[in-house]
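See below for structure-v6.tsv, which holds TSV, N, CA and C atoms.
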```tsv
chain	number	residue	atom	x	y	z
A	616	PRO	N	26.89	-20.06	54.31
A	616	PRO	CA	26.31	-19.65	53.04
A	616	PRO	C	24.84	-19.26	53.23
A	617	SER	N	24.44	-18.23	52.54
A	617	SER	CA	23.04	-17.82	52.66
A	617	SER	C	22.19	-18.57	51.65
A	618	THR	N	20.95	-18.76	52.02
A	618	THR	CA	19.99	-19.40	51.13
A	618	THR	C	18.89	-18.41	50.84
A	619	ALA	N	18.06	-18.73	49.87
A	619	ALA	CA	16.93	-17.85	49.56
A	619	ALA	C	16.06	-17.66	50.79
A	620	VAL	N	15.84	-18.73	51.55
A	620	VAL	CA	15.03	-18.63	52.77
A	620	VAL	C	15.77	-17.80	53.80
A	621	GLY	N	17.05	-18.07	54.00
A	621	GLY	CA	17.83	-17.34	54.99
A	621	GLY	C	17.88	-15.85	54.71
A	622	ASP	N	17.88	-15.48	53.44
A	622	ASP	CA	17.92	-14.07	53.08
A	622	ASP	C	16.63	-13.34	53.44
A	623	HIS	N	15.54	-14.06	53.60
A	623	HIS	CA	14.24	-13.43	53.80
A	623	HIS	C	13.65	-13.65	55.18
A	624	VAL	N	14.40	-14.22	56.09
A	624	VAL	CA	13.89	-14.51	57.41
A	624	VAL	C	13.44	-13.25	58.14
A	625	GLY	N	14.08	-12.13	57.90
A	625	GLY	CA	13.73	-10.90	58.59
A	625	GLY	C	12.51	-10.18	58.04
A	626	ILE	N	11.84	-10.75	57.05
A	626	ILE	CA	10.73	-10.04	56.42
A	626	ILE	C	9.59	-9.74	57.39
A	627	ALA	N	9.30	-10.66	58.30
A	627	ALA	CA	8.22	-10.42	59.27
A	627	ALA	C	8.55	-9.23	60.15
A	628	SER	N	9.79	-9.13	60.59
A	628	SER	CA	10.15	-7.98	61.44
A	628	SER	C	10.19	-6.69	60.63
A	629	VAL	N	10.57	-6.76	59.36
A	629	VAL	CA	10.57	-5.57	58.52
A	629	VAL	C	9.15	-5.07	58.32
A	630	VAL	N	8.23	-5.97	58.00
A	630	VAL	CA	6.83	-5.58	57.81
A	630	VAL	C	6.27	-4.99	59.10
A	631	SER	N	6.54	-5.64	60.22
A	631	SER	CA	6.07	-5.14	61.51
A	631	SER	C	6.63	-3.76	61.81
A	632	SER	N	7.91	-3.57	61.54
A	632	SER	CA	8.54	-2.27	61.79
A	632	SER	C	7.94	-1.18	60.92
A	633	LEU	N	7.67	-1.49	59.66
A	633	LEU	CA	7.07	-0.50	58.77
A	633	LEU	C	5.68	-0.10	59.24
A	634	PHE	N	4.89	-1.07	59.68
A	634	PHE	CA	3.55	-0.73	60.16
A	634	PHE	C	3.63	0.10	61.43
A	635	PHE	N	4.64	-0.14	62.26
A	635	PHE	CA	4.80	0.68	63.45
A	635	PHE	C	5.18	2.12	63.06
A	636	LEU	N	6.12	2.24	62.13
A	636	LEU	CA	6.55	3.57	61.69
A	636	LEU	C	5.43	4.33	60.98
A	637	TRP	N	4.71	3.65	60.10
A	637	TRP	CA	3.69	4.32	59.29
A	637	TRP	C	2.39	4.57	60.06
A	638	TYR	N	1.99	3.60	60.88
A	638	TYR	CA	0.65	3.66	61.50
A	638	TYR	C	0.68	3.63	63.02
A	639	ASN	N	1.88	3.52	63.61
A	639	ASN	CA	2.04	3.47	65.06
A	639	ASN	C	1.28	2.28	65.67
A	640	ILE	N	1.33	1.15	64.98
A	640	ILE	CA	0.70	-0.09	65.48
A	640	ILE	C	1.82	-1.01	65.95
A	641	GLU	N	1.71	-1.43	67.20
A	641	GLU	CA	2.72	-2.32	67.78
A	641	GLU	C	2.77	-3.64	66.99
A	642	PRO	N	3.97	-4.19	66.76
A	642	PRO	CA	4.08	-5.46	66.04
A	642	PRO	C	3.25	-6.59	66.64
A	643	SER	N	3.09	-6.59	67.96
A	643	SER	CA	2.30	-7.65	68.61
A	643	SER	C	0.81	-7.55	68.27
A	644	LYS	N	0.40	-6.45	67.67
A	644	LYS	CA	-1.00	-6.24	67.30
A	644	LYS	C	-1.27	-6.57	65.83
A	645	LEU	N	-0.26	-7.11	65.13
A	645	LEU	CA	-0.41	-7.41	63.71
A	645	LEU	C	-0.54	-8.91	63.47
A	646	ARG	N	-1.39	-9.26	62.54
A	646	ARG	CA	-1.47	-10.63	62.02
A	646	ARG	C	-0.98	-10.56	60.58
A	647	ILE	N	0.14	-11.23	60.30
A	647	ILE	CA	0.74	-11.21	58.96
A	647	ILE	C	0.64	-12.63	58.43
A	648	TYR	N	-0.08	-12.80	57.33
A	648	TYR	CA	-0.38	-14.15	56.88
A	648	TYR	C	-0.63	-14.23	55.37
A	649	PHE	N	-0.55	-15.44	54.88
A	649	PHE	CA	-1.02	-15.80	53.55
A	649	PHE	C	-2.34	-16.52	53.77
A	650	HIS	N	-3.17	-16.58	52.78
A	650	HIS	CA	-4.32	-17.46	52.94
A	650	HIS	C	-4.37	-18.44	51.79
A	651	TYR	N	-4.89	-19.60	52.11
A	651	TYR	CA	-4.98	-20.69	51.16
A	651	TYR	C	-6.38	-21.25	51.25
A	652	GLN	N	-6.99	-21.41	50.26
A	652	GLN	CA	-6.83	-21.28	48.84
A	652	GLN	C	-6.78	-19.79	48.49
A	653	PRO	N	-5.82	-19.37	47.68
A	653	PRO	CA	-5.71	-17.93	47.41
A	653	PRO	C	-6.85	-17.41	46.55
A	654	THR	N	-7.21	-16.16	46.76
A	654	THR	CA	-8.23	-15.54	45.91
A	654	THR	C	-7.60	-15.03	44.62
A	655	TYR	N	-6.33	-14.72	44.67
A	655	TYR	CA	-5.57	-14.32	43.48
A	655	TYR	C	-4.38	-15.26	43.40
A	656	TYR	N	-4.10	-15.75	42.23
A	656	TYR	CA	-3.05	-16.76	42.11
A	656	TYR	C	-1.69	-16.12	41.85
A	657	HIS	N	-1.32	-15.21	42.73
A	657	HIS	CA	0.04	-14.70	42.81
A	657	HIS	C	0.32	-14.47	44.29
A	658	LEU	N	1.58	-14.58	44.65
A	658	LEU	CA	1.95	-14.50	46.05
A	658	LEU	C	1.72	-13.10	46.60
A	659	HIS	N	0.98	-13.03	47.68
A	659	HIS	CA	0.78	-11.76	48.37
A	659	HIS	C	0.54	-12.04	49.85
A	660	VAL	N	0.85	-11.06	50.67
A	660	VAL	CA	0.75	-11.20	52.12
A	660	VAL	C	-0.34	-10.27	52.62
A	661	HIS	N	-1.10	-10.74	53.60
A	661	HIS	CA	-2.12	-9.92	54.24
A	661	HIS	C	-1.58	-9.44	55.58
A	662	VAL	N	-1.86	-8.20	55.92
A	662	VAL	CA	-1.49	-7.65	57.22
A	662	VAL	C	-2.76	-7.05	57.80
A	663	THR	N	-3.18	-7.59	58.94
A	663	THR	CA	-4.39	-7.08	59.59
A	663	THR	C	-4.10	-6.88	61.08
A	664	HIS	N	-4.96	-6.13	61.71
A	664	HIS	CA	-4.88	-5.92	63.16
A	664	HIS	C	-5.45	-7.17	63.84
A	665	VAL	N	-4.85	-7.60	64.93
A	665	VAL	CA	-5.32	-8.82	65.61
A	665	VAL	C	-6.75	-8.70	66.11
A	666	ASP	N	-7.24	-7.50	66.33
A	666	ASP	CA	-8.61	-7.31	66.79
A	666	ASP	C	-9.63	-7.31	65.65
A	667	ASN	N	-9.16	-7.38	64.42
A	667	ASN	CA	-10.05	-7.42	63.26
A	667	ASN	C	-10.63	-8.83	63.15
A	668	ASN	N	-11.91	-8.97	63.37
A	668	ASN	CA	-12.56	-10.28	63.32
A	668	ASN	C	-13.14	-10.59	61.95
A	669	GLU	N	-12.90	-9.75	60.99
A	669	GLU	CA	-13.47	-9.94	59.66
A	669	GLU	C	-12.40	-10.30	58.63
A	670	VAL	N	-11.44	-11.08	59.02
A	670	VAL	CA	-10.32	-11.39	58.13
A	670	VAL	C	-10.46	-12.73	57.43
A	671	GLY	N	-11.60	-13.34	57.51
A	671	GLY	CA	-11.77	-14.64	56.88
A	671	GLY	C	-11.57	-15.75	57.87
A	672	LYS	N	-11.56	-16.94	57.36
A	672	LYS	CA	-11.48	-18.13	58.21
A	672	LYS	C	-10.05	-18.36	58.68
A	673	PRO	N	-9.84	-18.42	59.99
A	673	PRO	CA	-8.48	-18.63	60.50
A	673	PRO	C	-7.87	-19.94	60.02
A	674	GLU	N	-8.70	-20.95	59.77
A	674	GLU	CA	-8.15	-22.23	59.32
A	674	GLU	C	-7.58	-22.15	57.91
A	675	ASN	N	-7.88	-21.07	57.19
A	675	ASN	CA	-7.34	-20.87	55.85
A	675	ASN	C	-6.15	-19.92	55.85
A	676	GLN	N	-5.71	-19.50	57.02
A	676	GLN	CA	-4.59	-18.57	57.13
A	676	GLN	C	-3.32	-19.31	57.53
A	677	ILE	N	-2.22	-18.94	56.90
A	677	ILE	CA	-0.91	-19.48	57.27
A	677	ILE	C	-0.05	-18.29	57.66
A	678	LEU	N	0.30	-18.21	58.93
A	678	LEU	CA	1.08	-17.07	59.41
A	678	LEU	C	2.43	-17.01	58.72
A	679	LEU	N	2.87	-15.80	58.41
A	679	LEU	CA	4.16	-15.61	57.74
A	679	LEU	C	5.28	-16.24	58.54
A	680	GLU	N	5.26	-16.11	59.85
A	680	GLU	CA	6.31	-16.71	60.68
A	680	GLU	C	6.32	-18.23	60.55
A	681	SER	N	5.15	-18.85	60.39
A	681	SER	CA	5.08	-20.30	60.19
A	681	SER	C	5.65	-20.69	58.83
A	682	VAL	N	5.35	-19.91	57.81
A	682	VAL	CA	5.90	-20.18	56.48
A	682	VAL	C	7.42	-20.12	56.52
A	683	ILE	N	7.96	-19.09	57.14
A	683	ILE	CA	9.42	-18.95	57.24
A	683	ILE	C	10.01	-20.12	58.00
A	684	SER	N	9.40	-20.48	59.12
A	684	SER	CA	9.90	-21.60	59.92
A	684	SER	C	9.85	-22.91	59.13
A	685	ASN	N	8.76	-23.15	58.43
A	685	ASN	CA	8.63	-24.37	57.63
A	685	ASN	C	9.69	-24.43	56.53
A	686	LEU	N	9.95	-23.30	55.89
A	686	LEU	CA	10.95	-23.27	54.83
A	686	LEU	C	12.36	-23.41	55.37
A	687	GLN	N	12.59	-22.96	56.60
A	687	GLN	CA	13.90	-23.15	57.23
A	687	GLN	C	14.12	-24.63	57.52
A	688	LEU	N	13.06	-25.32	57.91
A	688	LEU	CA	13.18	-26.75	58.18
A	688	LEU	C	13.44	-27.54	56.90
A	689	MET	N	12.71	-27.17	55.85
A	689	MET	CA	12.79	-27.88	54.58
A	689	MET	C	12.48	-26.90	53.46
A	690	SER	N	13.44	-26.61	52.62
A	690	SER	CA	13.22	-25.60	51.58
A	690	SER	C	12.11	-25.98	50.61
A	691	ASP	N	11.82	-27.27	50.49
A	691	ASP	CA	10.74	-27.72	49.61
A	691	ASP	C	9.50	-28.15	50.40
A	692	TYR	N	9.36	-27.62	51.60
A	692	TYR	CA	8.28	-27.99	52.51
A	692	TYR	C	6.92	-27.98	51.82
A	693	TYR	N	6.60	-26.90	51.13
A	693	TYR	CA	5.26	-26.76	50.57
A	693	TYR	C	5.02	-27.61	49.33
A	694	SER	N	6.06	-28.20	48.77
A	694	SER	CA	5.85	-29.16	47.69
A	694	SER	C	5.66	-30.57	48.25
A	695	ARG	N	5.91	-30.74	49.56
A	695	ARG	CA	5.81	-32.06	50.19
A	695	ARG	C	4.55	-32.24	51.04
A	696	VAL	N	3.89	-31.16	51.40
A	696	VAL	CA	2.76	-31.27	52.32
A	696	VAL	C	1.44	-31.02	51.59
A	697	ILE	N	0.38	-31.45	52.23
A	697	ILE	CA	-0.97	-31.19	51.75
A	697	ILE	C	-1.54	-30.06	52.59
A	698	LEU	N	-1.99	-29.02	51.94
A	698	LEU	CA	-2.61	-27.90	52.65
A	698	LEU	C	-4.12	-28.11	52.62
A	699	HIS	N	-4.71	-28.07	53.80
A	699	HIS	CA	-6.16	-28.23	53.91
A	699	HIS	C	-6.80	-26.86	54.06
A	700	TYR	N	-8.00	-26.72	53.55
A	700	TYR	CA	-8.71	-25.46	53.65
A	700	TYR	C	-10.20	-25.75	53.56
A	701	SER	N	-10.99	-24.80	53.99
A	701	SER	CA	-12.44	-24.97	53.95
A	701	SER	C	-13.04	-24.01	52.93
A	702	VAL	N	-14.12	-24.43	52.34
A	702	VAL	CA	-14.87	-23.58	51.41
A	702	VAL	C	-16.35	-23.70	51.75
A	703	LEU	N	-17.10	-22.69	51.36
A	703	LEU	CA	-18.55	-22.74	51.56
A	703	LEU	C	-19.15	-23.83	50.68
A	704	SER	N	-20.24	-24.40	51.12
A	704	SER	CA	-20.88	-25.47	50.34
A	704	SER	C	-21.36	-24.98	48.98
A	705	THR	N	-21.53	-23.69	48.83
A	705	THR	CA	-21.98	-23.13	47.56
A	705	THR	C	-20.82	-22.78	46.62
A	706	HIS	N	-19.59	-22.95	47.09
A	706	HIS	CA	-18.42	-22.62	46.29
A	706	HIS	C	-18.24	-23.66	45.19
A	707	GLN	N	-17.74	-23.23	44.06
A	707	GLN	CA	-17.52	-24.11	42.91
A	707	GLN	C	-16.63	-25.31	43.24
A	708	LEU	N	-15.63	-25.11	44.09
A	708	LEU	CA	-14.76	-26.22	44.48
A	708	LEU	C	-15.52	-27.29	45.30
A	709	ALA	N	-16.43	-26.85	46.13
A	709	ALA	CA	-17.22	-27.80	46.93
A	709	ALA	C	-18.11	-28.64	46.01
A	710	GLU	N	-18.64	-28.04	44.99
A	710	GLU	CA	-19.48	-28.78	44.05
A	710	GLU	C	-18.67	-29.84	43.32
A	711	LEU	N	-17.42	-29.55	42.98
A	711	LEU	CA	-16.56	-30.53	42.30
A	711	LEU	C	-16.26	-31.74	43.17
A	712	LYS	N	-16.15	-31.52	44.46
A	712	LYS	CA	-15.84	-32.60	45.40
A	712	LYS	C	-16.92	-33.68	45.41
A	713	HIS	N	-18.16	-33.25	45.21
A	713	HIS	CA	-19.27	-34.19	45.30
A	713	HIS	C	-19.65	-34.83	43.97
A	714	LYS	N	-18.89	-34.60	42.93
A	714	LYS	CA	-19.19	-35.21	41.62
A	714	LYS	C	-18.53	-36.55	41.49
```
Would you write the structure of this file as structure tokens?
Amino acid sequence: PSTAVGDHVGIASVVSSLFFLWYNIEPSKLRIYFHYQPTYYHLHVHVTHVDNNEVGKPENQILLESVISNLQLMSDYYSRVILHYSVLSTHQLAELKHK
């Protein structure tokens, strides 16, 4: 039987293939990820070139392949774990932590 996760396992390869077809970028040169804490509160995926050093903090990135793997292990994985992330000391969330 297929599951919602099982139906979407190929998404990383589909995205990689599209970028190769459209931009001639090898899949091994792509970083496909979500970032947490999100800047927009709707699900979206980032696709950047691995040589791009301006993609934000790596500790706030969750690779799409890791998300798929985690959901294959446990469909409710992200409701069971704590996601850690860093923010600048001037960010509103950092100020709340120290109150």
Counting only C-alpha atoms, which residues come within 9 Å of (-0.4, -16.2, 59.7), with the point read in the file's coordinates, and could you list them as a PyMOL selection string? chain A and resi 646-650+661-662+673+676-682
To one decimal place, how far is CA of Leu698 in chain A from CA of Val665 in chain A in Å? 23.2 Å
In Å to one decimal, how far is CA of Asn685 in chain A from atom C of Ile697 in chain A? 12.7 Å
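Nearest to Ser701 in chain A of all the residues A:Ser631, A:Val660, A:Leu636, A:Asn675 is A:Asn675, counting only N, CA and C atoms.
Of note, CA of Glu641 in chain A and atom C of Glu669 in chain A are spaced 19.4 Å apart.
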Would you mind writing range 687-698 of chain A with all heavy atoms, as a PDB file, keeping the file's coordinate frame?
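Listed below is the output, result36.pdb:
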```
ATOM      1  N   GLN A 687      12.590 -22.960  56.600  1.00  0.00           N
ATOM      2  CA  GLN A 687      13.900 -23.150  57.230  1.00  0.00           C
ATOM      3  C   GLN A 687      14.120 -24.630  57.520  1.00  0.00           C
ATOM      4  O   GLN A 687      15.238 -25.128  57.384  1.00  0.00           O
ATOM      5  CB  GLN A 687      14.005 -22.346  58.520  1.00  0.00           C
ATOM      6  CG  GLN A 687      14.200 -20.870  58.287  1.00  0.00           C
ATOM      7  CD  GLN A 687      14.222 -20.098  59.590  1.00  0.00           C
ATOM      8  OE1 GLN A 687      13.404 -20.327  60.476  1.00  0.00           O
ATOM      9  NE2 GLN A 687      15.163 -19.172  59.703  1.00  0.00           N
ATOM     10  N   LEU A 688      13.060 -25.320  57.910  1.00  0.00           N
ATOM     11  CA  LEU A 688      13.180 -26.750  58.180  1.00  0.00           C
ATOM     12  C   LEU A 688      13.440 -27.540  56.900  1.00  0.00           C
ATOM     13  O   LEU A 688      14.258 -28.454  56.873  1.00  0.00           O
ATOM     14  CB  LEU A 688      11.889 -27.278  58.822  1.00  0.00           C
ATOM     15  CG  LEU A 688      11.651 -26.878  60.263  1.00  0.00           C
ATOM     16  CD1 LEU A 688      10.239 -27.285  60.684  1.00  0.00           C
ATOM     17  CD2 LEU A 688      12.677 -27.522  61.166  1.00  0.00           C
ATOM     18  N   MET A 689      12.710 -27.170  55.850  1.00  0.00           N
ATOM     19  CA  MET A 689      12.790 -27.880  54.580  1.00  0.00           C
ATOM     20  C   MET A 689      12.480 -26.900  53.460  1.00  0.00           C
ATOM     21  O   MET A 689      11.373 -26.386  53.382  1.00  0.00           O
ATOM     22  CB  MET A 689      11.723 -28.984  54.553  1.00  0.00           C
ATOM     23  CG  MET A 689      12.223 -30.352  54.294  1.00  0.00           C
ATOM     24  SD  MET A 689      10.881 -31.564  54.164  1.00  0.00           S
ATOM     25  CE  MET A 689       9.879 -31.250  55.587  1.00  0.00           C
ATOM     26  N   SER A 690      13.440 -26.610  52.620  1.00  0.00           N
ATOM     27  CA  SER A 690      13.220 -25.600  51.580  1.00  0.00           C
ATOM     28  C   SER A 690      12.110 -25.980  50.610  1.00  0.00           C
ATOM     29  O   SER A 690      11.489 -25.119  50.004  1.00  0.00           O
ATOM     30  CB  SER A 690      14.514 -25.322  50.821  1.00  0.00           C
ATOM     31  OG  SER A 690      14.943 -26.487  50.150  1.00  0.00           O
ATOM     32  N   ASP A 691      11.820 -27.270  50.490  1.00  0.00           N
ATOM     33  CA  ASP A 691      10.740 -27.720  49.610  1.00  0.00           C
ATOM     34  C   ASP A 691       9.500 -28.150  50.400  1.00  0.00           C
ATOM     35  O   ASP A 691       8.685 -28.939  49.928  1.00  0.00           O
ATOM     36  CB  ASP A 691      11.203 -28.825  48.677  1.00  0.00           C
ATOM     37  CG  ASP A 691      11.682 -30.062  49.427  1.00  0.00           C
ATOM     38  OD1 ASP A 691      11.876 -29.998  50.665  1.00  0.00           O
ATOM     39  OD2 ASP A 691      11.859 -31.108  48.776  1.00  0.00           O
ATOM     40  N   TYR A 692       9.360 -27.620  51.600  1.00  0.00           N
ATOM     41  CA  TYR A 692       8.280 -27.990  52.510  1.00  0.00           C
ATOM     42  C   TYR A 692       6.920 -27.980  51.820  1.00  0.00           C
ATOM     43  O   TYR A 692       6.161 -28.934  51.903  1.00  0.00           O
ATOM     44  CB  TYR A 692       8.273 -27.034  53.715  1.00  0.00           C
ATOM     45  CG  TYR A 692       7.166 -27.323  54.699  1.00  0.00           C
ATOM     46  CD1 TYR A 692       7.365 -28.232  55.728  1.00  0.00           C
ATOM     47  CD2 TYR A 692       5.932 -26.689  54.599  1.00  0.00           C
ATOM     48  CE1 TYR A 692       6.353 -28.513  56.631  1.00  0.00           C
ATOM     49  CE2 TYR A 692       4.909 -26.962  55.504  1.00  0.00           C
ATOM     50  CZ  TYR A 692       5.124 -27.877  56.502  1.00  0.00           C
ATOM     51  OH  TYR A 692       4.125 -28.158  57.398  1.00  0.00           O
ATOM     52  N   TYR A 693       6.600 -26.900  51.130  1.00  0.00           N
ATOM     53  CA  TYR A 693       5.260 -26.760  50.570  1.00  0.00           C
ATOM     54  C   TYR A 693       5.020 -27.610  49.330  1.00  0.00           C
ATOM     55  O   TYR A 693       3.886 -27.785  48.913  1.00  0.00           O
ATOM     56  CB  TYR A 693       4.920 -25.285  50.338  1.00  0.00           C
ATOM     57  CG  TYR A 693       4.714 -24.601  51.670  1.00  0.00           C
ATOM     58  CD1 TYR A 693       5.726 -23.857  52.260  1.00  0.00           C
ATOM     59  CD2 TYR A 693       3.525 -24.763  52.372  1.00  0.00           C
ATOM     60  CE1 TYR A 693       5.549 -23.274  53.501  1.00  0.00           C
ATOM     61  CE2 TYR A 693       3.349 -24.198  53.620  1.00  0.00           C
ATOM     62  CZ  TYR A 693       4.355 -23.452  54.172  1.00  0.00           C
ATOM     63  OH  TYR A 693       4.183 -22.902  55.406  1.00  0.00           O
ATOM     64  N   SER A 694       6.060 -28.200  48.770  1.00  0.00           N
ATOM     65  CA  SER A 694       5.850 -29.160  47.690  1.00  0.00           C
ATOM     66  C   SER A 694       5.660 -30.570  48.250  1.00  0.00           C
ATOM     67  O   SER A 694       5.260 -31.471  47.530  1.00  0.00           O
ATOM     68  CB  SER A 694       7.012 -29.127  46.698  1.00  0.00           C
ATOM     69  OG  SER A 694       8.197 -29.587  47.302  1.00  0.00           O
ATOM     70  N   ARG A 695       5.910 -30.740  49.560  1.00  0.00           N
ATOM     71  CA  ARG A 695       5.810 -32.060  50.190  1.00  0.00           C
ATOM     72  C   ARG A 695       4.550 -32.240  51.040  1.00  0.00           C
ATOM     73  O   ARG A 695       4.217 -33.360  51.399  1.00  0.00           O
ATOM     74  CB  ARG A 695       7.016 -32.292  51.095  1.00  0.00           C
ATOM     75  CG  ARG A 695       8.316 -32.395  50.364  1.00  0.00           C
ATOM     76  CD  ARG A 695       9.460 -32.464  51.368  1.00  0.00           C
ATOM     77  NE  ARG A 695      10.698 -32.786  50.740  1.00  0.00           N
ATOM     78  CZ  ARG A 695      11.298 -33.970  50.835  1.00  0.00           C
ATOM     79  NH1 ARG A 695      10.763 -34.928  51.552  1.00  0.00           N
ATOM     80  NH2 ARG A 695      12.427 -34.180  50.217  1.00  0.00           N
ATOM     81  N   VAL A 696       3.890 -31.160  51.400  1.00  0.00           N
ATOM     82  CA  VAL A 696       2.760 -31.270  52.320  1.00  0.00           C
ATOM     83  C   VAL A 696       1.440 -31.020  51.590  1.00  0.00           C
ATOM     84  O   VAL A 696       1.400 -30.446  50.501  1.00  0.00           O
ATOM     85  CB  VAL A 696       2.881 -30.266  53.494  1.00  0.00           C
ATOM     86  CG1 VAL A 696       4.112 -30.565  54.320  1.00  0.00           C
ATOM     87  CG2 VAL A 696       2.866 -28.845  53.015  1.00  0.00           C
ATOM     88  N   ILE A 697       0.380 -31.450  52.230  1.00  0.00           N
ATOM     89  CA  ILE A 697      -0.970 -31.190  51.750  1.00  0.00           C
ATOM     90  C   ILE A 697      -1.540 -30.060  52.590  1.00  0.00           C
ATOM     91  O   ILE A 697      -1.534 -30.138  53.822  1.00  0.00           O
ATOM     92  CB  ILE A 697      -1.855 -32.441  51.874  1.00  0.00           C
ATOM     93  CG1 ILE A 697      -1.310 -33.550  50.976  1.00  0.00           C
ATOM     94  CG2 ILE A 697      -3.302 -32.105  51.539  1.00  0.00           C
ATOM     95  CD1 ILE A 697      -1.987 -34.884  51.172  1.00  0.00           C
ATOM     96  N   LEU A 698      -1.990 -29.020  51.940  1.00  0.00           N
ATOM     97  CA  LEU A 698      -2.610 -27.900  52.650  1.00  0.00           C
ATOM     98  C   LEU A 698      -4.120 -28.110  52.620  1.00  0.00           C
ATOM     99  O   LEU A 698      -4.704 -28.298  51.564  1.00  0.00           O
ATOM    100  CB  LEU A 698      -2.247 -26.569  51.989  1.00  0.00           C
ATOM    101  CG  LEU A 698      -0.771 -26.202  52.012  1.00  0.00           C
ATOM    102  CD1 LEU A 698      -0.541 -24.912  51.243  1.00  0.00           C
ATOM    103  CD2 LEU A 698      -0.266 -26.068  53.430  1.00  0.00           C
TER     104      LEU A 698
END
```
